[in-house]
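Participant: Following this line is protein_39.cif, made up of mmCIF, C-alpha atoms and all ligand atoms:
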data_entry
#
loop_
_atom_site.label_atom_id
_atom_site.label_comp_id
_atom_site.auth_asym_id
_atom_site.auth_seq_id
_atom_site.Cartn_x
_atom_site.Cartn_y
_atom_site.Cartn_z
CA MET A 1 -11.69 78.05 -63.18
CA LYS A 2 -12.99 76.99 -59.82
CA LYS A 3 -15.90 75.19 -61.41
CA GLU A 4 -13.54 73.40 -63.79
CA ILE A 5 -11.37 72.06 -60.95
CA LEU A 6 -14.45 70.84 -59.13
CA HIS A 7 -15.55 69.03 -62.22
CA LYS A 8 -12.15 67.38 -62.64
CA VAL A 9 -12.03 66.24 -59.02
CA ARG A 10 -15.59 64.92 -58.84
CA TYR A 11 -14.89 61.72 -60.76
CA PRO A 12 -11.99 60.41 -58.63
CA LEU A 13 -13.97 61.32 -55.49
CA LEU A 14 -16.81 59.13 -56.65
CA LEU A 15 -14.38 56.33 -57.36
CA ALA A 16 -12.87 56.60 -53.88
CA ALA A 17 -16.32 56.52 -52.27
CA ALA A 18 -17.23 53.44 -54.27
CA ALA A 19 -13.99 51.75 -53.24
CA ILE A 20 -14.60 52.50 -49.55
CA LEU A 21 -18.11 51.12 -49.85
CA ALA A 22 -16.83 47.98 -51.55
CA VAL A 23 -14.23 47.37 -48.85
CA TRP A 24 -16.81 47.96 -46.13
CA LEU A 25 -19.24 45.55 -47.74
CA TRP A 26 -16.53 42.92 -48.15
CA THR A 27 -15.31 43.11 -44.57
CA ALA A 28 -18.88 43.16 -43.28
CA ARG A 29 -19.66 40.06 -45.26
CA LYS A 30 -16.51 38.38 -43.98
CA SER A 31 -17.38 39.05 -40.36
CA ASP A 32 -20.80 37.59 -41.02
CA ARG A 33 -19.08 34.28 -41.59
CA PRO A 34 -17.37 33.38 -38.31
CA VAL A 35 -17.63 29.69 -39.10
CA GLU A 36 -15.36 29.99 -42.07
CA GLN A 37 -12.92 32.06 -40.05
CA ALA A 38 -12.74 29.37 -37.40
CA GLU A 39 -12.05 26.83 -40.08
CA ILE A 40 -8.82 28.48 -41.09
CA LYS A 41 -7.32 28.35 -37.61
CA PRO A 42 -3.98 26.63 -38.20
CA ARG A 43 -4.48 24.09 -35.41
CA GLU A 44 -7.41 22.55 -37.17
CA LYS A 45 -5.78 22.49 -40.52
CA ILE A 46 -4.73 19.11 -41.81
CA TYR A 47 -1.10 19.20 -42.83
CA LEU A 48 0.85 16.76 -44.85
CA ARG A 49 3.75 15.43 -42.82
CA ARG A 50 7.21 14.93 -44.20
CA GLU A 51 9.33 13.10 -41.67
CA GLY A 52 13.02 12.83 -41.15
CA THR A 53 15.64 12.07 -38.52
CA PHE A 54 18.57 14.23 -37.53
CA ARG A 55 21.81 12.48 -38.37
CA PRO A 56 24.65 12.73 -35.86
CA GLY A 57 26.17 16.21 -36.01
CA GLU A 58 23.53 17.61 -38.34
CA THR A 59 22.36 21.15 -37.64
CA LEU A 60 18.84 22.50 -37.90
CA GLU A 61 19.99 24.80 -40.68
CA LYS A 62 21.37 21.96 -42.75
CA VAL A 63 18.23 19.88 -42.37
CA LEU A 64 15.89 22.75 -43.25
CA LEU A 65 17.88 23.81 -46.30
CA ARG A 66 17.95 20.23 -47.52
CA ASP A 67 14.24 19.72 -47.02
CA ILE A 68 12.64 23.05 -47.94
CA TYR A 69 15.11 24.70 -50.36
CA ASP A 70 14.21 28.17 -49.09
CA ARG A 71 16.90 30.19 -47.34
CA VAL A 72 14.57 32.95 -46.09
CA LEU A 73 11.99 30.55 -44.71
CA ALA A 74 14.70 28.36 -43.17
CA ASP A 75 16.15 31.38 -41.35
CA GLU A 76 12.68 32.37 -40.16
CA LEU A 77 12.02 28.85 -38.83
CA ILE A 78 15.40 28.70 -37.09
CA GLN A 79 14.81 32.09 -35.42
CA GLY A 80 11.43 31.01 -34.14
CA PHE A 81 12.74 27.61 -33.04
CA ALA A 82 15.62 29.18 -31.10
CA ARG A 83 13.14 31.22 -29.05
CA VAL A 84 11.75 28.07 -27.39
CA PHE A 85 14.53 25.48 -27.70
CA ASP A 86 18.31 25.55 -27.64
CA VAL A 87 19.32 24.50 -31.17
CA ARG A 88 22.62 23.15 -29.82
CA LYS A 89 20.64 20.54 -27.87
CA ILE A 90 19.26 18.90 -31.00
CA ARG A 91 20.27 15.26 -30.87
CA GLY A 92 21.46 13.18 -33.76
CA ASP A 93 18.85 10.47 -33.42
CA ARG A 94 15.61 12.40 -32.89
CA ARG A 95 12.92 12.82 -35.50
CA TYR A 96 11.40 15.92 -36.99
CA THR A 97 8.45 16.66 -39.26
CA ILE A 98 7.92 19.31 -41.90
CA LEU A 99 4.29 20.35 -42.18
CA THR A 100 3.10 21.34 -45.64
CA ASP A 101 -0.22 21.85 -47.36
CA SER A 102 -1.30 19.77 -50.32
CA ALA A 103 0.39 22.21 -52.69
CA GLY A 104 3.71 21.57 -50.97
CA VAL A 105 3.87 24.98 -49.29
CA VAL A 106 5.71 24.71 -45.96
CA HIS A 107 3.65 25.88 -42.97
CA GLY A 108 5.74 24.66 -40.11
CA PHE A 109 8.29 22.41 -38.53
CA GLU A 110 8.23 20.07 -35.52
CA TYR A 111 11.10 18.56 -33.55
CA TYR A 112 10.74 15.93 -30.83
CA PRO A 113 13.50 16.34 -28.22
CA ASP A 114 12.05 13.53 -26.08
CA ALA A 115 8.93 11.41 -25.79
CA VAL A 116 6.94 14.02 -23.90
CA LYS A 117 7.93 17.25 -25.68
CA THR A 118 7.37 18.75 -29.11
CA VAL A 119 9.00 21.93 -30.38
CA ARG A 120 6.69 23.39 -33.00
CA VAL A 121 7.07 26.43 -35.26
CA LEU A 122 3.86 26.91 -37.20
CA ARG A 123 2.21 29.70 -39.19
CA ASP A 124 -0.77 31.22 -37.44
CA SER A 125 -3.85 32.54 -39.27
CA THR A 126 -2.11 35.84 -39.99
CA GLY A 127 0.81 34.06 -41.60
CA VAL A 128 3.27 34.69 -38.78
CA LEU A 129 5.47 31.78 -37.65
CA GLN A 130 4.69 31.05 -34.01
CA PRO A 131 7.10 28.92 -31.99
CA GLU A 132 5.88 26.84 -29.05
CA LEU A 133 7.07 24.08 -26.78
CA VAL A 134 4.23 21.59 -26.49
CA GLN A 135 3.94 19.02 -23.73
CA VAL A 136 2.76 15.77 -25.27
CA PRO A 137 -0.30 14.58 -23.33
CA LEU A 138 0.20 11.26 -21.57
CA ILE A 139 -2.27 8.51 -22.26
CA LYS A 140 -3.10 6.21 -19.38
CA ARG A 141 -3.59 2.57 -20.27
CA THR A 142 -4.70 -0.33 -18.11
CA LEU A 143 -2.64 -3.49 -18.45
CA ALA A 144 -2.71 -6.88 -16.82
CA LEU A 145 -0.29 -9.74 -16.41
CA THR A 146 0.08 -13.05 -14.66
CA GLY A 147 3.06 -15.23 -13.97
CA GLU A 148 4.51 -17.97 -11.87
CA VAL A 149 7.38 -17.77 -9.43
CA ARG A 150 10.22 -20.08 -10.51
CA THR A 151 12.94 -18.56 -8.35
CA THR A 152 11.77 -15.23 -6.94
CA LEU A 153 8.95 -12.80 -7.69
CA TYR A 154 11.62 -10.35 -8.80
CA ASP A 155 13.04 -12.74 -11.41
CA ALA A 156 9.60 -13.69 -12.63
CA VAL A 157 8.48 -10.12 -13.23
CA LYS A 158 11.85 -9.16 -14.71
CA ALA A 159 11.66 -12.07 -17.12
CA MET A 160 8.42 -10.57 -18.46
CA GLY A 161 10.27 -7.44 -19.44
CA GLU A 162 8.82 -5.34 -16.65
CA SER A 163 10.90 -3.28 -14.26
CA ASP A 164 11.76 -2.98 -10.58
CA GLU A 165 9.16 -0.26 -10.04
CA LEU A 166 6.31 -2.58 -10.93
CA ILE A 167 7.67 -5.28 -8.61
CA ALA A 168 7.95 -2.74 -5.80
CA ALA A 169 4.42 -1.43 -6.42
CA PHE A 170 3.01 -4.96 -6.43
CA SER A 171 4.82 -6.09 -3.30
CA ASP A 172 3.64 -2.91 -1.54
CA LEU A 173 0.08 -4.19 -1.82
CA PHE A 174 0.90 -7.15 0.40
CA GLN A 175 3.61 -5.57 2.50
CA TRP A 176 1.87 -6.39 5.76
CA ASP A 177 1.13 -10.00 4.85
CA ILE A 178 3.84 -11.36 2.61
CA ASP A 179 7.56 -10.93 2.93
CA PHE A 180 8.60 -11.27 -0.69
CA PHE A 181 12.19 -11.97 0.29
CA VAL A 182 11.26 -14.98 2.37
CA ASP A 183 7.77 -16.29 1.70
CA PRO A 184 7.48 -16.95 -2.07
CA ARG A 185 7.74 -20.55 -3.11
CA VAL A 186 8.28 -22.13 -6.48
CA GLY A 187 4.93 -22.43 -8.19
CA ASP A 188 3.34 -19.41 -6.50
CA GLU A 189 1.22 -17.41 -8.91
CA PHE A 190 0.79 -13.67 -9.14
CA ARG A 191 -1.66 -11.56 -11.09
CA MET A 192 -2.01 -7.83 -11.39
CA VAL A 193 -3.91 -5.10 -13.16
CA TYR A 194 -1.97 -1.88 -13.38
CA GLU A 195 -1.86 1.45 -15.13
CA ALA A 196 0.91 2.74 -17.32
CA GLU A 197 1.33 6.09 -19.01
CA TYR A 198 2.29 6.42 -22.63
CA ALA A 199 3.18 9.44 -24.71
CA LEU A 200 1.58 9.42 -28.10
CA ASP A 201 4.28 9.90 -30.65
CA PRO A 202 3.34 13.19 -32.37
CA SER A 203 5.46 12.27 -35.38
CA ARG A 204 3.57 8.98 -35.69
CA PRO A 205 -0.05 9.69 -34.87
CA ASP A 206 -1.05 6.11 -35.62
CA SER A 207 1.38 4.41 -33.25
CA LEU A 208 0.54 3.21 -29.72
CA GLY A 209 3.03 5.61 -28.21
CA GLU A 210 6.04 5.23 -26.01
CA PHE A 211 5.97 3.82 -22.47
CA ILE A 212 6.77 6.59 -20.01
CA ARG A 213 6.05 5.25 -16.54
CA TYR A 214 3.93 2.93 -14.45
CA GLY A 215 0.87 4.26 -12.73
CA ARG A 216 -1.04 2.63 -9.95
CA VAL A 217 -1.52 -1.07 -9.40
CA LEU A 218 -5.32 -1.38 -9.46
CA SER A 219 -5.49 -4.91 -8.15
CA GLY A 220 -3.16 -7.73 -7.26
CA GLN A 221 -3.51 -11.36 -6.44
CA TYR A 222 -0.99 -13.75 -4.94
CA ARG A 223 -1.59 -17.47 -4.69
CA SER A 224 0.70 -19.61 -2.59
CA GLY A 225 -0.54 -23.17 -2.33
CA SER A 226 -4.20 -22.91 -1.40
CA ALA A 227 -3.88 -19.44 0.10
CA VAL A 228 -5.02 -16.67 -2.22
CA ARG A 229 -4.73 -13.01 -1.31
CA THR A 230 -6.42 -10.34 -3.38
CA ALA A 231 -5.93 -6.60 -2.92
CA LEU A 232 -8.14 -4.08 -4.71
CA TYR A 233 -7.56 -0.39 -5.06
CA PHE A 234 -10.60 1.67 -4.14
CA GLU A 235 -10.93 5.43 -3.97
CA GLN A 236 -13.29 7.36 -1.73
CA GLY A 237 -13.19 11.02 -2.55
CA GLU A 238 -9.57 12.09 -2.53
CA ARG A 239 -8.35 9.08 -0.59
CA GLY A 240 -7.63 5.67 -1.95
CA GLY A 241 -6.34 2.46 -0.48
CA TYR A 242 -6.16 -1.30 -0.89
CA TYR A 243 -8.88 -3.57 0.38
CA ASP A 244 -9.49 -7.29 0.48
CA LEU A 245 -12.52 -8.89 -1.18
CA GLU A 246 -14.72 -8.18 1.84
CA GLY A 247 -13.77 -4.52 1.86
CA LYS A 248 -11.39 -4.73 4.81
CA SER A 249 -8.35 -2.53 4.56
CA PHE A 250 -5.13 -4.19 3.49
CA GLN A 251 -3.21 -1.63 5.43
CA LYS A 252 -2.43 -3.56 8.56
CA THR A 253 -1.24 -1.77 11.61
CA PHE A 254 1.00 -2.47 14.55
CA LEU A 255 -0.66 -2.84 17.89
CA LYS A 256 -0.36 0.35 19.90
CA SER A 257 1.12 -1.72 22.70
CA PRO A 258 1.89 -5.43 22.79
CA LEU A 259 0.31 -6.05 26.22
CA ASN A 260 -2.23 -4.85 28.76
CA TYR A 261 -0.17 -2.51 30.89
CA ARG A 262 -0.79 -0.35 33.94
CA ARG A 263 1.34 2.60 33.06
CA ILE A 264 4.34 3.72 31.08
CA SER A 265 7.30 4.19 33.40
CA SER A 266 9.74 5.42 30.83
CA HIS A 267 9.15 6.97 27.42
CA PHE A 268 11.28 6.92 24.32
CA SER A 269 14.01 9.52 24.57
CA GLY A 270 17.37 10.48 23.20
CA GLY A 271 18.87 10.86 26.70
CA ARG A 272 17.69 10.05 30.23
CA ARG A 273 19.31 9.25 33.53
CA HIS A 274 19.37 5.47 33.82
CA PRO A 275 17.74 4.45 37.15
CA ILE A 276 20.31 1.76 37.92
CA LEU A 277 23.43 2.88 36.08
CA LYS A 278 22.85 6.52 37.21
CA ILE A 279 24.23 7.79 33.95
CA VAL A 280 22.53 9.66 31.16
CA ARG A 281 21.92 7.45 28.18
CA PRO A 282 19.24 7.28 25.52
CA HIS A 283 16.20 5.13 26.14
CA LEU A 284 15.34 3.86 22.69
CA GLY A 285 12.13 2.13 23.65
CA VAL A 286 9.10 2.37 25.90
CA ASP A 287 8.76 0.73 29.31
CA PHE A 288 5.31 -0.62 30.00
CA VAL A 289 4.70 -1.50 33.65
CA ALA A 290 2.53 -4.60 34.18
CA ALA A 291 2.22 -7.46 36.64
CA GLU A 292 4.83 -10.20 36.38
CA GLY A 293 3.54 -12.90 34.02
CA THR A 294 1.30 -10.59 31.92
CA PRO A 295 1.25 -12.01 28.37
CA VAL A 296 3.21 -10.06 25.77
CA VAL A 297 1.98 -10.45 22.18
CA ALA A 298 3.51 -9.88 18.75
CA ALA A 299 2.72 -6.35 17.54
CA ALA A 300 2.30 -7.59 13.96
CA ASP A 301 2.92 -10.69 11.83
CA GLY A 302 6.54 -11.69 11.45
CA VAL A 303 9.32 -14.13 12.22
CA VAL A 304 11.35 -14.49 15.42
CA ILE A 305 14.91 -13.72 14.37
CA GLU A 306 16.55 -13.45 17.80
CA LYS A 307 15.87 -15.08 21.15
CA GLY A 308 18.30 -14.83 24.01
CA TYR A 309 19.44 -13.52 27.34
CA GLU A 310 21.35 -10.33 28.01
CA GLY A 311 22.36 -10.17 31.68
CA GLY A 312 23.51 -6.57 31.67
CA GLY A 313 20.60 -5.28 29.67
CA LEU A 314 17.44 -6.73 28.16
CA GLY A 315 17.44 -10.01 30.09
CA ASN A 316 15.23 -12.51 28.26
CA PHE A 317 14.33 -10.94 24.97
CA ILE A 318 13.15 -11.71 21.48
CA ARG A 319 13.36 -9.80 18.25
CA ILE A 320 10.73 -10.14 15.52
CA ARG A 321 11.27 -9.14 11.93
CA HIS A 322 7.91 -8.25 10.46
CA LYS A 323 6.36 -9.27 7.15
CA ASN A 324 7.07 -5.79 6.01
CA PRO A 325 10.84 -6.15 6.40
CA ARG A 326 11.28 -2.44 7.06
CA PHE A 327 10.09 -3.07 10.59
CA ALA A 328 11.36 -5.05 13.56
CA THR A 329 10.31 -5.12 17.21
CA VAL A 330 12.17 -6.17 20.37
CA TYR A 331 10.62 -7.32 23.66
CA GLY A 332 12.83 -7.28 26.77
CA HIS A 333 13.00 -8.21 30.50
CA LEU A 334 10.67 -11.19 29.86
CA SER A 335 10.17 -13.74 32.62
CA GLY A 336 9.68 -16.43 29.99
CA PHE A 337 8.80 -17.08 26.37
CA GLY A 338 5.50 -17.95 24.73
CA PRO A 339 4.71 -21.50 23.64
CA GLY A 340 6.77 -22.63 20.64
CA ILE A 341 8.77 -19.41 20.49
CA ALA A 342 12.09 -20.19 18.80
CA ILE A 343 14.33 -18.54 16.25
CA GLY A 344 12.77 -18.92 12.80
CA GLN A 345 9.27 -19.32 14.21
CA ALA A 346 6.57 -17.42 12.32
CA VAL A 347 4.26 -15.43 14.56
CA GLN A 348 1.01 -13.67 13.90
CA GLN A 349 -0.22 -10.45 15.37
CA ARG A 350 -1.46 -11.10 18.96
CA ASP A 351 0.37 -14.43 19.33
CA VAL A 352 1.81 -14.63 22.84
CA VAL A 353 5.58 -14.35 22.51
CA GLY A 354 6.52 -14.01 26.18
CA TYR A 355 5.57 -12.83 29.66
CA VAL A 356 6.37 -9.69 31.58
CA GLY A 357 9.29 -10.12 33.98
CA ARG A 358 12.27 -8.29 35.48
CA THR A 359 15.20 -10.19 33.97
CA GLY A 360 18.31 -8.25 33.03
CA LEU A 361 18.72 -4.67 34.14
CA ALA A 362 15.28 -3.85 35.52
CA THR A 363 14.04 -2.29 38.78
CA GLY A 364 10.63 -3.95 38.62
CA PRO A 365 8.47 -6.03 36.28
CA HIS A 366 7.98 -4.23 32.98
CA LEU A 367 8.26 -4.75 29.26
CA HIS A 368 10.95 -2.89 27.43
CA TYR A 369 9.54 -2.52 23.93
CA CYS A 370 11.60 -1.30 20.96
CA PHE A 371 10.43 -0.54 17.49
CA TYR A 372 12.83 -0.35 14.55
CA GLU A 373 12.19 1.13 11.15
CA ASN A 374 14.92 0.47 8.57
CA GLY A 375 17.20 -0.53 11.44
CA ARG A 376 16.72 2.74 13.34
CA PRO A 377 14.92 2.84 16.68
CA VAL A 378 11.79 4.97 16.54
CA ASN A 379 9.20 5.81 19.16
CA PRO A 380 6.55 3.05 18.97
CA LEU A 381 3.91 5.42 20.33
CA LYS A 382 4.52 7.85 17.49
CA ILE A 383 4.53 5.54 14.48
CA LYS A 384 2.06 6.44 11.82
CA ASN A 385 -0.54 3.76 12.10
CA SER A 386 -2.53 4.87 9.09
CA SER A 387 -6.09 3.82 9.47
CA GLY A 388 -7.34 0.46 8.37
CA ASP A 389 -11.00 1.41 8.26
CA PRO A 390 -13.20 -0.94 6.23
CA ILE A 391 -15.36 0.28 3.34
CA PRO A 392 -18.36 2.08 4.84
CA ALA A 393 -21.81 0.60 4.14
CA GLY A 394 -22.75 3.52 1.87
CA GLU A 395 -19.85 2.76 -0.49
CA MET A 396 -20.27 -0.99 -0.51
CA GLU A 397 -22.30 -1.18 -3.74
CA ARG A 398 -19.72 0.83 -5.63
CA PHE A 399 -16.94 -1.26 -4.10
CA LYS A 400 -18.64 -4.46 -5.26
CA GLY A 401 -18.74 -3.08 -8.81
CA VAL A 402 -15.01 -2.42 -8.76
CA ARG A 403 -14.42 -5.83 -7.20
CA GLU A 404 -16.31 -7.75 -9.91
CA GLU A 405 -14.58 -5.83 -12.66
CA GLN A 406 -11.09 -6.27 -11.22
CA LEU A 407 -11.63 -9.97 -10.48
CA ALA A 408 -12.64 -10.49 -14.10
CA LEU A 409 -9.56 -8.65 -15.33
CA LEU A 410 -7.30 -10.60 -12.95
CA ALA A 411 -8.78 -13.91 -14.03
CA ALA A 412 -8.18 -13.09 -17.69
CA ALA A 413 -4.71 -11.60 -17.21
CA PRO A 414 -2.35 -12.53 -20.04
CA ARG A 415 1.11 -14.01 -19.64
CA ARG A 416 2.77 -10.77 -20.58
CA GLY A 417 1.85 -7.17 -19.76
CA GLU A 418 -0.93 -6.43 -22.22
CA GLU A 419 -3.59 -3.81 -22.43
CA VAL A 420 -6.99 -4.85 -21.17
CA PRO A 421 -10.33 -3.21 -21.83
CA GLY A 422 -9.93 -0.77 -19.00
CA VAL A 423 -13.19 0.52 -17.65
CA ILE A 424 -12.22 1.49 -14.17
CA ALA A 425 -15.59 1.98 -12.57
CA GLY A 426 -15.79 3.77 -9.31
CA THR A 427 -12.20 4.74 -8.86
CA GLY A 428 -13.33 8.22 -8.05
CA PRO A 429 -13.81 11.55 -9.74
CA GLY A 430 -11.24 12.72 -12.24
CA HIS A 431 -10.35 9.16 -13.02
CA MET A 432 -11.38 8.61 -16.58
CA ALA A 433 -11.94 5.29 -18.22
CA MET A 434 -9.25 4.76 -20.79
CA PRO A 435 -10.12 4.91 -24.44
CA ARG A 436 -8.93 1.99 -26.49
CA LEU A 437 -6.57 3.24 -29.13
ZN ZN A 501 13.36 0.21 29.02
#
Rewrite the coordinates I just gave you, this time as structure tokens.
Facilitator:
Amino acid sequence: MKKEILHKVRYPLLLAAAAILAVWLWTARKSDRPVEQAEIKPREKIYLRREGTFRPGETLEKVLLRDIYDRVLADELIQGFARVFDVRKIRGDRRYTILTDSAGVVHGFEYYPDAVKTVRVLRDSTGVLQPELVQVPLIKRTLALTGEVRTTLYDAVKAMGESDELIAAFSDLFQWDIDFFVDPRVGDEFRMVYEAEYALDPSRPDSLGEFIRYGRVLSGQYRSGSAVRTALYFEQGERGGYYDLEGKSFQKTFLKSPLNYRRISSHFSGGRRHPILKIVRPHLGVDFVAAEGTPVVAAADGVVIEKGYEGGGLGNFIRIRHKNPRFATVYGHLSGFGPGIAIGQAVQQRDVVGYVGRTGLATGPHLHYCFYENGRPVNPLKIKNSSGDPIPAGEMERFKGVREEQLALLAAAPRRGEEVPGVIAGTGPGHMAMPRL
């Protein structure tokens, strides 16, 4: 009896052993082929794309049922989708894509809530639907344009279909040298090379993508009559700035003090006891003590916008509005004015605008110097005079490379913002040359 049972059992046991061996051999062989396994990763799979657009008021459910005819799969996709995106925020004008294989089997779904996001629900290698919110990578392109001022720079750039931000970025380059509200004349010419970021449209892999925002202005040129100014962006390590063609910084600075003085008799303060009026009132400037008649010079380029006499206060004074219209300076208690100083007169940094005196409310000869930023008095000794160091000798070769390249791009700038072959040499690490798409 025992022997008989053993005999009956032996055959199935052999079968089971053979099956285990077969499975082991099969899995072993499979793991010997990692290349093939990598090939079936869903990311690398090429899907067929079936596109559509949500109509106003259409729900995800309605769209999926219409396009894939499979209730169970539709529910699965909706569940996954809802884990990364609020289905109620689907908008009636945005596109979606259904991803299928060549046999028409649905593997996933994509929705594009805006230009820089993709909601994707896609089967992974184990067949499970995985939802994810993907940030669309931005592509940086280099563009160039040139134009002529007919009324204002603003109008000219606007007429090219570009926006305020680009005008602001361009005028920033020359903020210490050109007052774009006052200086531009009809016939002036501007050129610029600038970066812009685009989001590749994931639903349209062949398109150029959608404009997202402007990047940096890499170079700018402004020609007014025979005067041409060129500013080039150059990066050294982490820091970048604008330089002229010789490698001198475009970042101009205000003079620390507009005269040779002996000492400061009164600092900028919110409240001090006035030496004559004997009352506490703010002193919104700095008093520099110097001999009567010491020349006082303009702290930076600008235009004289006020010249007058204030008996109970500043005495003889002038006010200069600077090229960078955010800033103005006032010079008080002058004994007299510099040659040719009149309202509307343009002055350059270090031009003599007056002489130290004691006119108005003053105990002795000194200059009362006020500095205004956006109309507010600030301490002139504390203003951030960011450095205007020239390009160091060791960087000069690299700078010259950037200069030649940018000058060529500026010279060839088209009449409308167009992409240029952007090889931005020497703009520092992490700054990749843009691929042409
Ligand atoms: Zn003072």
Participant: Do you have, as a Markdown table, the list of residues of chain A lying at most 10 Å from ligand ZN 501 (chain A), each with its nearest atom pair and that distance in Å to one decimal, counting only C-alpha atoms and all ligand atoms and ordered by chain then number?
Facilitator:
| residue | atom | partner | partner_atom | distance |
| --- | --- | --- | --- | --- |
| A:Ile264 | CA | A:ZN501 | ZN | 9.9 |
| A:Ser265 | CA | A:ZN501 | ZN | 8.5 |
| A:Ser266 | CA | A:ZN501 | ZN | 6.6 |
| A:His267 | CA | A:ZN501 | ZN | 8.1 |
| A:Phe268 | CA | A:ZN501 | ZN | 8.5 |
| A:His274 | CA | A:ZN501 | ZN | 9.3 |
| A:Pro282 | CA | A:ZN501 | ZN | 9.8 |
| A:His283 | CA | A:ZN501 | ZN | 6.4 |
| A:Leu284 | CA | A:ZN501 | ZN | 7.6 |
| A:Gly285 | CA | A:ZN501 | ZN | 5.8 |
| A:Val286 | CA | A:ZN501 | ZN | 5.7 |
| A:Asp287 | CA | A:ZN501 | ZN | 4.6 |
| A:Phe288 | CA | A:ZN501 | ZN | 8.2 |
| A:Val289 | CA | A:ZN501 | ZN | 10.0 |
| A:Gly313 | CA | A:ZN501 | ZN | 9.1 |
| A:Leu314 | CA | A:ZN501 | ZN | 8.1 |
| A:Tyr331 | CA | A:ZN501 | ZN | 9.6 |
| A:Gly332 | CA | A:ZN501 | ZN | 7.8 |
| A:His333 | CA | A:ZN501 | ZN | 8.6 |
| A:Leu361 | CA | A:ZN501 | ZN | 8.9 |
| A:Ala362 | CA | A:ZN501 | ZN | 7.9 |
| A:His366 | CA | A:ZN501 | ZN | 8.0 |
| A:Leu367 | CA | A:ZN501 | ZN | 7.1 |
| A:His368 | CA | A:ZN501 | ZN | 4.2 |
| A:Tyr369 | CA | A:ZN501 | ZN | 6.9 |
| A:Cys370 | CA | A:ZN501 | ZN | 8.4 |
Participant: Just give me the gap between atom CA of Phe109 of chain A and atom CA of Tyr96 of chain A in Å, one decimal is fine.
Facilitator: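 These two atoms are separated by 7.4 Å.
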Participant: Excluding Pro380 of chain A and any residue of its chain fewer than 2 positions from it, enumerate the residues within 7 Å of it, using all atoms listed in the file, and give them as a list in words.
Facilitator: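 The contact residues come out as Cys370, Phe371, Val378, Lys382 and Ile383 of chain A.
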Participant: If you keep C-alpha atoms, can you produce a file of those selected residues as a PDB file, in the frame of the given file?
Facilitator:
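out_15.pdb, freshly written:
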ATOM      1  CA  CYS A 370      11.600  -1.300  20.960  1.00  0.00           C
ATOM      2  CA  PHE A 371      10.430  -0.540  17.490  1.00  0.00           C
ATOM      3  CA  VAL A 378      11.790   4.970  16.540  1.00  0.00           C
ATOM      4  CA  LYS A 382       4.520   7.850  17.490  1.00  0.00           C
ATOM      5  CA  ILE A 383       4.530   5.540  14.480  1.00  0.00           C
TER       6      ILE A 383
END
Participant: One decimal, Å: what's the distance from atom CA of Gly147 of chain A over to atom CA of Gly225 of chain A, could you say?
Facilitator: 14.5 Å
Participant: Name the closest residue to Glu51 of chain A among the candidates A:Gly92, A:Gly417, A:Pro202, A:Gly127; distances are taken between atoms, counting only C-alpha atoms.
Facilitator: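 Nearest to Glu51 of chain A: A:Pro202.
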Participant: For a quick check of understanding, using only C-alpha atoms, which of A:His107, A:Phe85, A:Ser249, A:Glu419 has the smallest distance to Thr126 of chain A?
Facilitator: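 The answer is A:His107, which sits nearest to Thr126 of chain A.
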Participant: Using all atoms listed in the file, which residues sit within 10 Å of Ala82 of chain A once same-chain residues fewer than 6 positions away are excluded, as a PyMOL selection string?
Facilitator: chain A and resi 88+119+121+131
Participant: From the set A:Glu76, A:Asp301, A:Asp155, A:Asp389, which residue has the shortest atom-to-atom contact distance to Asp351 of chain A, counting only C-alpha atoms?
Facilitator: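 Closest to Asp351 of chain A, using only C-alpha atoms: A:Asp301.
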Participant: Measure the distance from atom CA of Gly240 of chain A to atom CA of Phe327 of chain A in Å and round it to one decimal.
Facilitator: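 Here the two named atoms are 23.4 Å from each other.
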Participant: For Met160 of chain A, which residue among A:Val84, A:Glu418, A:Leu48, A:Ala393 is the nearest when counting all atoms listed in the file?
Facilitator: A:Glu418
Participant: Which residues come within 10 Å of Val193 of chain A, counting all atoms listed in the file, excluding same-chain residues fewer than 2 positions away, as number ranges by chain?
Facilitator: A: 142-146, 170, 191, 195, 216-221, 232, 406-407, 409-410, 413, 417-420, 422
Participant: Would you mind telling me which residue in A:Gly340, A:Gly354, A:Gly161, A:Gly108 lies nearest to Arg319 of chain A when using only C-alpha atoms?
Facilitator: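 When distances to Arg319 of chain A are compared using only C-alpha atoms, the smallest one comes from A:Gly354.
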Participant: Considering all atoms listed in the file, can you say which of A:Thr294, A:Arg141, A:Phe190, A:Glu395 comes closest to Gly237 of chain A?
Facilitator: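 Looking at the shortest contact to Gly237 of chain A, the residue is A:Glu395.
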Participant: Contacts of Asp114 of chain A at 9 Å or less, counting all atoms listed in the file, minus same-chain residues fewer than 3 places along, as a PDB file with C-alpha atoms, keeping the file's coordinate frame?
Facilitator:
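Result file is out30.pdb:
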ATOM      1  CA  ARG A  94      15.610  12.400 -32.890  1.00  0.00           C
ATOM      2  CA  LYS A 117       7.930  17.250 -25.680  1.00  0.00           C
ATOM      3  CA  THR A 118       7.370  18.750 -29.110  1.00  0.00           C
TER       4      THR A 118
END
Participant: List every residue of segment 158-255 of chain A that has an atom at most 12 Å from any atom of segment 342-350 of chain A, giving for each one its closest atom pair and the distance in Å to one decimal, counting only C-alpha atoms, sorted by chain and then by ascending residue number, as JSON lines.
Facilitator:
{"residue": "A:Trp176", "atom": "CA", "partner": "A:Gln349", "partner_atom": "CA", "distance": 10.6}
{"residue": "A:Asp177", "atom": "CA", "partner": "A:Gln348", "partner_atom": "CA", "distance": 9.8}
{"residue": "A:Ile178", "atom": "CA", "partner": "A:Ala346", "partner_atom": "CA", "distance": 11.8}
{"residue": "A:Asp179", "atom": "CA", "partner": "A:Ala346", "partner_atom": "CA", "distance": 11.5}
{"residue": "A:Val182", "atom": "CA", "partner": "A:Gly344", "partner_atom": "CA", "distance": 11.3}
{"residue": "A:Asp183", "atom": "CA", "partner": "A:Ala346", "partner_atom": "CA", "distance": 10.7}
{"residue": "A:Lys252", "atom": "CA", "partner": "A:Gln349", "partner_atom": "CA", "distance": 9.9}
{"residue": "A:Thr253", "atom": "CA", "partner": "A:Gln349", "partner_atom": "CA", "distance": 9.5}
{"residue": "A:Phe254", "atom": "CA", "partner": "A:Gln349", "partner_atom": "CA", "distance": 8.1}
{"residue": "A:Leu255", "atom": "CA", "partner": "A:Gln349", "partner_atom": "CA", "distance": 8.0}
